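Structure file target-v8.tsv; described as TSV, C-alpha atoms and all ligand atoms.
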chain	number	residue	atom	x	y	z
A	1	MET	CA	54.20	187.10	69.19
A	2	ALA	CA	57.13	184.72	69.23
A	3	SER	CA	57.71	185.29	72.93
A	4	GLU	CA	53.97	185.03	73.62
A	5	GLN	CA	54.02	181.63	71.93
A	6	LEU	CA	57.05	180.66	73.93
A	7	GLU	CA	55.39	181.67	77.18
A	8	LYS	CA	52.24	179.70	76.29
A	9	ASN	CA	54.25	176.58	75.62
A	10	ASP	CA	56.35	177.03	78.68
A	11	GLU	CA	55.32	174.56	81.33
A	12	PHE	CA	57.10	176.54	84.05
A	13	PRO	CA	56.78	180.26	83.29
A	14	ASN	CA	58.98	182.59	85.27
A	15	LEU	CA	56.91	184.41	87.89
A	16	ALA	CA	58.79	187.68	87.33
A	17	HIS	CA	57.95	187.48	83.66
A	18	ILE	CA	54.24	186.98	84.37
A	19	ALA	CA	54.11	189.65	87.10
A	20	ALA	CA	55.71	192.23	84.81
A	21	GLN	CA	53.20	191.67	82.00
A	22	VAL	CA	49.82	192.29	83.61
A	23	GLU	CA	48.41	193.73	80.40
A	24	ARG	CA	49.17	190.50	78.55
A	25	TYR	CA	47.62	188.40	81.31
A	26	PRO	CA	44.44	190.21	82.37
A	27	SER	CA	43.40	187.06	84.21
A	28	LEU	CA	45.86	185.31	86.42
A	29	HIS	CA	48.12	182.78	84.67
A	30	PRO	CA	46.74	179.29	85.51
A	31	ARG	CA	50.10	178.16	86.88
A	32	PHE	CA	49.60	180.44	89.91
A	33	VAL	CA	45.87	180.01	90.53
A	34	VAL	CA	45.11	178.41	93.90
A	35	PRO	CA	42.17	175.94	93.91
A	36	GLU	CA	39.02	177.64	95.16
A	37	GLU	CA	38.75	175.73	98.44
A	38	GLN	CA	42.28	176.74	99.45
A	39	ARG	CA	41.95	180.45	98.74
A	40	CYS	CA	42.34	183.18	101.25
A	41	ASP	CA	39.41	185.34	100.18
A	42	GLY	CA	39.00	187.51	103.25
A	43	SER	CA	36.15	185.74	105.04
A	44	SER	CA	37.62	182.22	105.05
A	45	CYS	CA	40.96	183.83	105.76
A	46	ASN	CA	39.95	184.46	109.35
A	47	VAL	CA	42.80	186.72	110.34
A	48	ILE	CA	42.75	187.58	114.02
A	49	ALA	CA	44.96	190.57	114.54
A	50	GLU	CA	44.98	190.69	118.32
A	51	LEU	CA	46.75	187.35	118.79
A	52	GLN	CA	50.15	188.50	117.56
A	53	PRO	CA	53.16	186.42	118.60
A	54	PRO	CA	55.22	188.40	121.14
A	55	VAL	CA	58.10	190.78	120.41
A	56	ILE	CA	60.93	189.87	122.78
A	57	ASP	CA	63.87	192.11	123.72
A	58	LEU	CA	66.82	189.73	123.50
A	59	SER	CA	69.26	192.18	125.10
A	60	LEU	CA	67.61	191.37	128.44
A	61	MET	CA	69.52	188.07	128.32
A	62	ASN	CA	72.69	190.10	128.99
A	63	SER	CA	71.15	191.73	132.07
A	64	SER	CA	72.76	191.12	135.43
A	65	ARG	CA	69.28	190.62	136.91
A	66	ALA	CA	68.13	187.00	136.90
A	67	GLU	CA	64.47	188.21	136.69
A	68	ASP	CA	65.16	189.81	133.29
A	69	ARG	CA	66.59	186.61	131.87
A	70	ALA	CA	63.79	184.55	133.38
A	71	TYR	CA	61.27	186.96	131.82
A	72	VAL	CA	62.74	186.40	128.33
A	73	GLU	CA	62.79	182.64	128.82
A	74	LYS	CA	59.18	182.59	129.99
A	75	ARG	CA	57.99	184.56	126.96
A	76	VAL	CA	59.98	182.35	124.56
A	77	ALA	CA	58.60	179.20	126.21
A	78	ASP	CA	55.01	180.46	126.05
A	79	ALA	CA	55.34	181.45	122.39
A	80	CYS	CA	56.97	178.15	121.41
A	81	ARG	CA	54.31	176.12	123.17
A	82	LYS	CA	51.51	178.11	121.55
A	83	ASP	CA	52.63	178.37	117.96
A	84	GLY	CA	56.43	178.29	117.66
A	85	PHE	CA	56.62	181.90	116.45
A	86	PHE	CA	57.98	185.02	118.14
A	87	GLN	CA	59.88	188.15	117.13
A	88	VAL	CA	63.15	189.41	118.58
A	89	ILE	CA	64.54	192.93	118.81
A	90	ASN	CA	67.99	193.98	120.07
A	91	HIS	CA	69.21	190.65	118.76
A	92	GLY	CA	72.84	191.65	118.20
A	93	VAL	CA	72.86	191.32	114.39
A	94	PRO	CA	74.18	194.65	113.02
A	95	MET	CA	71.41	196.11	110.88
A	96	GLU	CA	73.88	197.46	108.32
A	97	ILE	CA	74.56	193.85	107.29
A	98	ILE	CA	70.85	193.33	106.67
A	99	ARG	CA	70.51	196.63	104.81
A	100	LYS	CA	73.39	195.69	102.49
A	101	ILE	CA	71.77	192.41	101.55
A	102	GLU	CA	68.40	194.07	101.26
A	103	SER	CA	69.72	196.62	98.79
A	104	PHE	CA	71.57	193.88	96.88
A	105	GLY	CA	68.24	191.99	96.74
A	106	HIS	CA	66.33	195.00	95.44
A	107	GLU	CA	68.94	195.61	92.77
A	108	PHE	CA	69.08	191.96	91.80
A	109	PHE	CA	65.32	191.45	91.52
A	110	SER	CA	65.02	194.56	89.36
A	111	LEU	CA	67.25	192.96	86.67
A	112	SER	CA	65.66	191.48	83.56
A	113	VAL	CA	64.46	187.88	83.74
A	114	GLU	CA	67.20	186.89	81.29
A	115	GLU	CA	69.89	188.41	83.54
A	116	LYS	CA	68.45	186.82	86.66
A	117	GLU	CA	68.24	183.41	85.07
A	118	LYS	CA	72.00	183.39	84.56
A	119	PHE	CA	72.09	182.80	88.33
A	120	ASP	CA	69.81	179.77	88.23
A	121	LEU	CA	72.01	176.98	89.58
A	122	GLY	CA	69.15	174.51	90.10
A	123	ILE	CA	66.43	174.04	92.66
A	124	TYR	CA	67.12	176.05	95.85
A	125	SER	CA	70.49	177.24	94.54
A	126	GLY	CA	70.89	180.74	93.14
A	127	TYR	CA	67.99	182.41	91.38
A	128	GLU	CA	64.64	180.71	91.32
A	129	GLY	CA	61.64	182.06	89.43
A	130	ARG	CA	60.13	179.01	87.74
A	131	HIS	CA	59.50	176.75	90.73
A	132	LYS	CA	59.89	173.52	88.83
A	133	GLN	CA	59.73	171.59	92.08
A	134	PHE	CA	56.11	172.57	92.68
A	135	LEU	CA	52.98	171.33	91.05
A	136	THR	CA	50.39	174.03	90.26
A	137	PRO	CA	49.82	176.35	92.06
A	138	ALA	CA	53.32	177.74	92.03
A	139	PRO	CA	54.21	180.44	94.57
A	140	TRP	CA	53.92	184.06	93.42
A	141	ALA	CA	57.51	184.75	94.42
A	142	GLU	CA	61.03	184.72	93.11
A	143	SER	CA	64.01	183.91	95.28
A	144	PHE	CA	67.77	184.15	95.52
A	145	ASN	CA	69.09	181.16	97.45
A	146	VAL	CA	72.51	181.14	99.02
A	147	GLN	CA	73.75	177.89	100.50
A	148	ILE	CA	76.14	178.51	103.38
A	149	SER	CA	76.99	175.10	104.83
A	150	PRO	CA	77.89	172.20	104.50
A	151	PHE	CA	78.61	173.26	100.93
A	152	SER	CA	78.56	176.82	99.77
A	153	ASN	CA	77.49	178.13	96.39
A	154	MET	CA	78.86	181.61	97.19
A	155	ASP	CA	81.95	181.35	95.00
A	156	VAL	CA	79.92	180.29	91.98
A	157	LEU	CA	77.41	183.08	92.59
A	158	ALA	CA	80.20	185.62	93.19
A	159	LYS	CA	81.69	184.80	89.79
A	160	LEU	CA	78.36	185.61	88.15
A	161	VAL	CA	77.69	188.96	89.78
A	162	SER	CA	78.33	192.27	88.13
A	163	PRO	CA	81.70	194.00	88.69
A	164	GLN	CA	80.42	196.40	91.36
A	165	TYR	CA	79.64	193.43	93.60
A	166	THR	CA	82.38	190.97	92.78
A	167	ASP	CA	84.63	192.07	95.64
A	168	GLY	CA	81.99	192.60	98.26
A	169	PHE	CA	79.60	189.80	97.42
A	170	SER	CA	81.07	186.88	99.37
A	171	TYR	CA	82.01	189.13	102.31
A	172	MET	CA	78.48	190.47	102.45
A	173	PHE	CA	77.05	186.96	102.74
A	174	LEU	CA	79.80	185.71	105.05
A	175	ASP	CA	79.19	188.61	107.48
A	176	TYR	CA	75.51	187.84	107.40
A	177	ALA	CA	76.05	184.09	107.81
A	178	SER	CA	78.31	184.53	110.81
A	179	ALA	CA	76.00	187.01	112.59
A	180	MET	CA	72.97	184.81	111.97
A	181	ARG	CA	74.78	181.73	113.20
A	182	ASP	CA	75.64	183.50	116.45
A	183	LEU	CA	72.02	184.50	116.87
A	184	GLY	CA	70.88	180.96	116.02
A	185	ASN	CA	73.19	179.52	118.68
A	186	THR	CA	72.00	182.04	121.27
A	187	LEU	CA	68.41	181.03	120.52
A	188	LEU	CA	69.21	177.31	120.73
A	189	LYS	CA	70.70	177.84	124.19
A	190	ILE	CA	67.65	179.80	125.33
A	191	LEU	CA	65.34	177.12	123.92
A	192	ALA	CA	67.21	174.38	125.80
A	193	ARG	CA	67.00	176.33	129.07
A	194	THR	CA	63.28	176.93	128.64
A	195	LEU	CA	62.79	173.17	128.40
A	196	GLY	CA	64.78	172.64	131.60
A	197	LEU	CA	67.75	171.16	129.71
A	198	ASP	CA	71.46	171.89	129.83
A	199	GLU	CA	71.95	174.86	127.51
A	200	GLU	CA	74.42	172.92	125.32
A	201	THR	CA	71.89	170.15	124.59
A	202	TYR	CA	70.95	171.32	121.11
A	203	VAL	CA	73.75	173.67	120.12
A	204	GLN	CA	76.43	170.99	120.54
A	205	ASN	CA	75.02	169.31	117.43
A	206	PHE	CA	75.63	172.36	115.26
A	207	GLU	CA	79.40	172.16	114.85
A	208	ASN	CA	79.00	170.93	111.25
A	209	TYR	CA	75.73	172.69	110.72
A	210	THR	CA	73.49	173.11	107.70
A	211	ALA	CA	72.43	176.61	106.77
A	212	GLY	CA	71.03	178.39	103.81
A	213	MET	CA	69.44	181.73	103.17
A	214	HIS	CA	66.55	182.47	100.89
A	215	ILE	CA	65.92	186.03	99.80
A	216	HIS	CA	62.33	186.28	98.62
A	217	HIS	CA	60.67	188.87	96.43
A	218	TYR	CA	56.88	188.85	96.15
A	219	PRO	CA	55.85	191.15	93.28
A	220	PRO	CA	52.49	192.92	93.54
A	221	CYS	CA	49.66	190.67	92.39
A	222	SER	CA	46.60	192.17	90.68
A	223	GLN	CA	44.41	189.34	92.03
A	224	PRO	CA	45.94	188.57	95.40
A	225	SER	CA	43.08	186.38	96.56
A	226	LEU	CA	43.63	183.93	93.66
A	227	ALA	CA	47.33	183.33	94.22
A	228	GLN	CA	49.70	182.83	97.15
A	229	GLY	CA	53.18	184.09	97.97
A	230	ALA	CA	53.90	180.91	99.89
A	231	GLY	CA	51.31	178.20	100.39
A	232	PRO	CA	50.58	176.95	103.92
A	233	HIS	CA	53.57	174.95	105.13
A	234	THR	CA	55.75	174.15	108.09
A	235	ASP	CA	59.51	174.62	107.76
A	236	PRO	CA	61.27	171.24	107.70
A	237	ASN	CA	64.54	172.60	109.20
A	238	CYS	CA	65.29	173.24	112.88
A	239	LEU	CA	65.13	177.01	113.33
A	240	THR	CA	64.18	179.80	110.92
A	241	ILE	CA	65.19	183.42	111.48
A	242	LEU	CA	63.45	185.78	109.09
A	243	TYR	CA	63.81	189.44	108.29
A	244	GLN	CA	60.77	190.99	106.60
A	245	ASP	CA	60.28	194.49	105.25
A	246	ALA	CA	57.42	196.78	106.30
A	247	VAL	CA	54.85	195.51	103.77
A	248	GLY	CA	53.52	192.50	105.71
A	249	GLY	CA	51.91	189.30	104.44
A	250	LEU	CA	53.34	186.55	106.65
A	251	GLN	CA	50.63	184.74	108.60
A	252	VAL	CA	50.72	181.88	111.08
A	253	GLU	CA	47.95	179.40	111.74
A	254	LYS	CA	47.01	179.67	115.41
A	255	SER	CA	44.43	176.91	115.25
A	256	LYS	CA	42.78	175.13	112.32
A	257	GLY	CA	41.78	177.82	109.82
A	258	LYS	CA	42.59	180.77	112.17
A	259	TRP	CA	45.42	182.83	110.76
A	260	VAL	CA	47.32	185.61	112.48
A	261	GLN	CA	49.31	188.24	110.66
A	262	ILE	CA	52.90	188.59	111.89
A	263	SER	CA	53.01	192.38	111.72
A	264	PRO	CA	56.36	193.77	110.64
A	265	VAL	CA	58.37	195.32	113.48
A	266	ALA	CA	61.27	197.58	112.48
A	267	ASP	CA	64.67	195.88	112.75
A	268	ALA	CA	63.19	192.74	114.28
A	269	PHE	CA	63.59	189.13	113.23
A	270	VAL	CA	60.72	186.68	113.16
A	271	VAL	CA	61.85	183.40	114.71
A	272	ASN	CA	60.00	180.18	114.07
A	273	LEU	CA	60.65	176.60	114.96
A	274	GLY	CA	60.81	174.01	112.22
A	275	ASP	CA	59.87	170.32	112.20
A	276	ILE	CA	63.27	169.21	113.49
A	277	PHE	CA	62.83	171.26	116.65
A	278	GLN	CA	59.27	170.06	117.13
A	279	ALA	CA	60.61	166.49	117.14
A	280	TRP	CA	63.58	167.41	119.35
A	281	SER	CA	61.28	168.92	121.94
A	282	ASN	CA	59.10	165.80	121.91
A	283	GLY	CA	56.28	167.91	120.51
A	284	LEU	CA	56.28	170.35	123.45
A	285	TYR	CA	57.15	173.15	121.05
A	286	ARG	CA	55.41	173.65	117.75
A	287	SER	CA	56.46	173.95	114.15
A	288	SER	CA	53.43	175.84	112.90
A	289	MET	CA	51.83	176.22	109.52
A	290	HIS	CA	52.46	179.61	107.99
A	291	ARG	CA	51.88	181.23	104.62
A	292	VAL	CA	52.48	184.46	102.73
A	293	VAL	CA	49.53	186.43	101.34
A	294	LEU	CA	50.01	188.92	98.53
A	295	ASN	CA	49.59	192.62	98.12
A	296	PRO	CA	47.90	194.18	95.05
A	297	GLN	CA	50.11	197.30	95.02
A	298	GLN	CA	53.36	196.67	96.78
A	299	SER	CA	56.28	194.31	96.34
A	300	ARG	CA	57.39	192.54	99.46
A	301	PHE	CA	60.92	191.49	100.40
A	302	SER	CA	61.99	188.98	103.06
A	303	MET	CA	65.05	186.94	103.84
A	304	GLY	CA	65.17	183.79	105.88
A	305	TYR	CA	68.09	182.02	107.49
A	306	PHE	CA	67.37	178.29	107.78
A	307	TYR	CA	69.45	176.61	110.45
A	308	SER	CA	69.83	172.89	111.11
A	309	PRO	CA	72.22	170.55	112.89
A	310	GLN	CA	74.70	168.29	111.20
A	311	TYR	CA	72.97	166.22	108.51
A	312	ASP	CA	73.77	162.80	109.86
A	313	ILE	CA	73.43	163.14	113.62
A	314	SER	CA	70.54	161.36	115.22
A	315	ILE	CA	67.63	163.61	116.22
A	316	SER	CA	66.61	161.82	119.40
A	317	VAL	CA	64.27	163.24	122.01
A	318	PRO	CA	66.22	164.06	125.23
A	319	LYS	CA	65.15	161.62	127.93
A	320	GLU	CA	64.26	164.50	130.30
A	321	LEU	CA	61.40	165.44	127.94
A	322	VAL	CA	59.75	162.03	128.07
A	323	HIS	CA	57.46	161.35	131.00
A	324	ALA	CA	54.12	159.82	131.85
A	325	ASP	CA	52.11	162.85	130.77
A	326	ASN	CA	54.26	163.41	127.66
A	327	PRO	CA	55.28	159.98	126.31
A	328	LEU	CA	57.79	159.65	123.48
A	329	LYS	CA	56.23	161.09	120.32
A	330	TYR	CA	58.99	160.76	117.73
A	331	ARG	CA	61.39	157.98	116.84
A	332	SER	CA	65.03	158.93	116.23
A	333	PHE	CA	65.93	159.97	112.69
A	334	THR	CA	68.55	161.97	110.83
A	335	CYS	CA	67.97	165.34	109.15
A	336	ALA	CA	69.43	163.81	105.98
A	337	ASP	CA	66.67	161.19	105.87
A	338	TYR	CA	63.95	163.68	106.70
A	339	TYR	CA	65.04	166.23	104.11
A	340	ALA	CA	65.37	163.49	101.49
A	341	ALA	CA	61.78	162.45	102.24
A	342	VAL	CA	60.31	165.99	102.16
A	343	SER	CA	62.23	166.95	99.03
A	344	LYS	CA	60.31	164.31	97.08
A	345	ARG	CA	56.98	166.03	97.55
A	346	ARG	CA	55.96	168.42	94.81
A	347	HIS	CA	52.94	169.98	96.43
A	348	ASN	CA	53.22	173.24	98.33
A	349	CYS	CA	50.76	172.78	101.14
A	350	TRP	CA	51.69	170.45	103.95
A	351	ASP	CA	51.48	170.18	107.68
A	352	ASP	CA	51.87	166.61	108.86
A	353	ASP	CA	55.05	165.39	107.19
A	354	LEU	CA	56.90	165.07	110.47
A	355	ASP	CA	54.18	162.97	112.10
A	356	LYS	CA	53.97	160.73	109.06
A	357	PHE	CA	57.73	160.36	108.91
A	358	ALA	CA	58.69	159.92	112.55
A	359	GLY	CA	55.49	159.97	114.63
A	360	ILE	CA	55.55	157.04	117.05
A	361	ASP	CA	51.86	156.28	116.95
A	362	LEU	CA	51.48	156.56	113.19
A	363	GLU	CA	52.16	153.33	111.42
A	364	SER	CA	52.71	154.54	107.88
A	365	ASN	CA	56.00	156.43	108.30
A	366	ILE	CA	55.98	157.60	104.70
A	367	ILE	CA	55.39	160.99	103.16
B	401	LIG	O1	58.58	185.44	103.26
B	401	LIG	C1	58.14	185.09	104.34
B	401	LIG	O2	57.63	185.86	105.14
B	401	LIG	C2	58.17	183.63	104.75
B	401	LIG	C3	58.76	182.69	103.75
B	401	LIG	C4	58.75	181.28	104.25
B	401	LIG	O3	57.88	180.87	104.97
B	401	LIG	C5	59.85	180.36	103.90
B	401	LIG	O4	60.73	180.72	103.10
B	401	LIG	O5	59.86	179.22	104.42
B	402	FE	FE	58.45	178.98	105.88
Go ahead and express the file in the form of structure tokens.
Amino acid sequence: MASEQLEKNDEFPNLAHIAAQVERYPSLHPRFVVPEEQRCDGSSCNVIAELQPPVIDLSLMNSSRAEDRAYVEKRVADACRKDGFFQVINHGVPMEIIRKIESFGHEFFSLSVEEKEKFDLGIYSGYEGRHKQFLTPAPWAESFNVQISPFSNMDVLAKLVSPQYTDGFSYMFLDYASAMRDLGNTLLKILARTLGLDEETYVQNFENYTAGMHIHHYPPCSQPSLAQGAGPHTDPNCLTILYQDAVGGLQVEKSKGKWVQISPVADAFVVNLGDIFQAWSNGLYRSSMHRVVLNPQQSRFSMGYFYSPQYDISISVPKELVHADNPLKYRSFTCADYYAAVSKRRHNCWDDDLDKFAGIDLESNII
């Protein structure tokens, strides 16, 4: 009774707590209920399965045949123009690194809420189950957030982990961070080439990069159409590289109200462009709205690597991308200013922050 009272009075209940106590909450806790008009109830969901973003074999970039490399570049360019999402296989990231983090994630999320909350180092740092930064509805997810650069919270997290991980913890994340950074840089070079630019154009701004990883756990939800794993959003960063397990639930908005499921592909990464890249490509490539829908029976696990250039460099559209039929769309800005602006919002559904912040033809320039 005491803990029931506590939970009732708790403005920000922990999702894991709620998800584990279905019998106490026969109807969905109001904190997670999505307003009716925003629900994905099947019909309004409009999922079109046949328009999957492509799965691209990245090892073809190492081929001696120019046609193979051109083929990869063409598929990347088409996908980025259409919706900024594609998947890559044979990407060079050793899968044992991913498996290690995946099994750490499973073990971590199966701890008690009290244990997990010892890792709560604040918003987007360490464990996150209460989502204080969001107004209702809160996402039906819990996360473990590791900041890699420019500051790292790995040492603090390592000190908190149980003895069996203490040694391996930082190495596990450092191995992952270095492999993902290599993949991120490879992708940035490919993206530059597909836009007809020198391949160093973007990557040269990533010397003092920003990167973080978010491991997400979406517990089963008894009323999946009332809640959301992640509300519709675009990623504010430059490039996101996501591993997802076989459960599925990630969807991208192809056109207004038309959602496509990104079906899980074994050992693949989902790559999507964030707002920073949309601006940097003068809007030629898209940072698309995406969301995570829930599963009534199965837990889902994903982990995203969020990659951005140095905080304070100027994101300015390369002059080669500005011409009569594609005039300048975005003013120059820094990631620091953009992230500061988006971090002030406390809603979890957004799609036009970039245009409001840096769009040339929009006067308001505020989020
Ligand atoms: O879990 C997923 O599939 C995607 C999560 C996501 O969109 C994000 O963390 O920005
Ligand atoms: Fe996202």
Residue contacts of Leu111 in chain A (12 Å, only C-alpha atoms) excluding same-chain residues fewer than 6 positions away, as a tab-separated table (two decimals) with C-alpha atoms, keeping the file's coordinate frame:
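Output saved as part_2.tsv:
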chain	number	residue	atom	x	y	z
A	16	ALA	CA	58.79	187.68	87.33
A	17	HIS	CA	57.95	187.48	83.66
A	20	ALA	CA	55.71	192.23	84.81
A	104	PHE	CA	71.57	193.88	96.88
A	105	GLY	CA	68.24	191.99	96.74
A	117	GLU	CA	68.24	183.41	85.07
A	118	LYS	CA	72.00	183.39	84.56
A	119	PHE	CA	72.09	182.80	88.33
A	127	TYR	CA	67.99	182.41	91.38
A	161	VAL	CA	77.69	188.96	89.78
A	162	SER	CA	78.33	192.27	88.13
Exercise for review: Tell me, as a PyMOL selection string, which residues lie within 6 Å of range 144-158 of chain A, counting only C-alpha atoms; anything in the same chain fewer than 3 positions away does not count.
Suggested key: chain A and resi 124-127+161+166+169+210-215
Exercise for review: Rounded to one decimal place, report the atom C3 of ligand LIG 401 (chain B)-CA of Pro30 in chain A distance in Å.
Suggested key: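 Between atom C3 of ligand LIG 401 (chain B) and CA of Pro30 in chain A the gap is 22.1 Å.
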All residues within 9 Å of ligand FE 402 (chain B) are required, counting all atoms listed in the file; please report them as a short mmCIF file (atom, residue, chain, number, x, y, z; two decimals) with C-alpha atoms, keeping the file's coordinate frame.
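What landed in out_17.cif:
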data_model
loop_
_atom_site.label_atom_id
_atom_site.label_comp_id
_atom_site.auth_asym_id
_atom_site.auth_seq_id
_atom_site.Cartn_x
_atom_site.Cartn_y
_atom_site.Cartn_z
CA ALA A 230 53.90 180.91 99.89
CA PRO A 232 50.58 176.95 103.92
CA HIS A 233 53.57 174.95 105.13
CA THR A 234 55.75 174.15 108.09
CA ASP A 235 59.51 174.62 107.76
CA PRO A 236 61.27 171.24 107.70
CA THR A 240 64.18 179.80 110.92
CA ASN A 272 60.00 180.18 114.07
CA GLY A 274 60.81 174.01 112.22
CA MET A 289 51.83 176.22 109.52
CA HIS A 290 52.46 179.61 107.99
CA ARG A 291 51.88 181.23 104.62
CA VAL A 292 52.48 184.46 102.73
CA GLY A 304 65.17 183.79 105.88
#
Check your understanding: Can you find the residues with an atom no farther than 10 Å from (57.1, 178.6, 123.1), counting all atoms listed in the file, and report them as a PyMOL selection string?
Key -> chain A and resi 53+73-86+191+194-195+272-273+284-286
Review point. Between A:Cys238, A:Met303, A:Leu197, A:Val322, which one has atoms that come closest to ligand LIG 401 (chain B), using all atoms listed in the file?
Key: A:Met303
Review point. Which one is closest to Ser314 in chain A: A:Asn237, A:Ser222, A:Lys344, A:Asn205? Count all atoms listed in the file.
Key: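 Checking each of A:Asn237, A:Ser222, A:Lys344, A:Asn205 against Ser314 in chain A, counting all atoms listed in the file, the winner is A:Asn205.
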**Study point:** Length of the CA of Leu242 in chain A to CA of Phe269 in chain A vector [Å]
**Key:**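 Result for CA of Leu242 in chain A versus CA of Phe269 in chain A: 5.3 Å, one decimal.
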Check your understanding: Counting only C-alpha atoms and all ligand atoms, which of A:Thr186, A:Asn295, A:Ser302, A:Thr136 gets nearest to ligand LIG 401 (chain B)?
Key ->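 That would be A:Ser302, the residue with the smallest distance to ligand LIG 401 (chain B).
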Once 6 Å is added on each side, what centre and edge lengths in Å to one decimal does the axis-aligned box around all listed atoms of ligand LIG 401 (chain B) have, as lines of an AutoDock Vina configuration file?
center_x = 59.2
center_y = 182.5
center_z = 104.1
size_x = 15.1
size_y = 18.6
size_z = 14.0
Check your understanding: Interatomic distance between CA of Ile313 in chain A and CA of Lys356 in chain A?
Key -> 20.1 Å
Practice item. Return the single residue from A:Val260, A:Val252, A:Leu328, A:Ala70 that is closest to ligand LIG 401 (chain B), with distances computed using all atoms listed in the file. Key: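 Smallest distance to ligand LIG 401 (chain B) is found for A:Val252.
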Check your understanding: Which one is closest to Ala336 in chain A: A:Ile276, A:Ile123, A:Val293, A:Met172? Count all atoms listed in the file.
Key -> A:Ile276
Practice item. Give the answer as one residue: which of A:Gln261, A:Ser281, A:Gln38, A:Gln297 has the shortest atom-to-atom distance to ligand LIG 401 (chain B), using only C-alpha atoms and all ligand atoms? Key: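 Residue with the minimum atom-to-atom distance to ligand LIG 401 (chain B): A:Gln261.
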Exercise for review: Name the residues within 12 Å of (75.0, 187.2, 116.5), counting only C-alpha atoms in the file's coordinates, and put them as a PyMOL selection string.
Suggested key: chain A and resi 58-59+90-95+97+175-187+241
**Study point:** Contacts of Gln244 in chain A within 10 Å, only C-alpha atoms, excl. fewer than 3 positions in-chain, as a PyMOL selection string
**Key:** chain A and resi 102+215-216+247-250+262-270+300-304
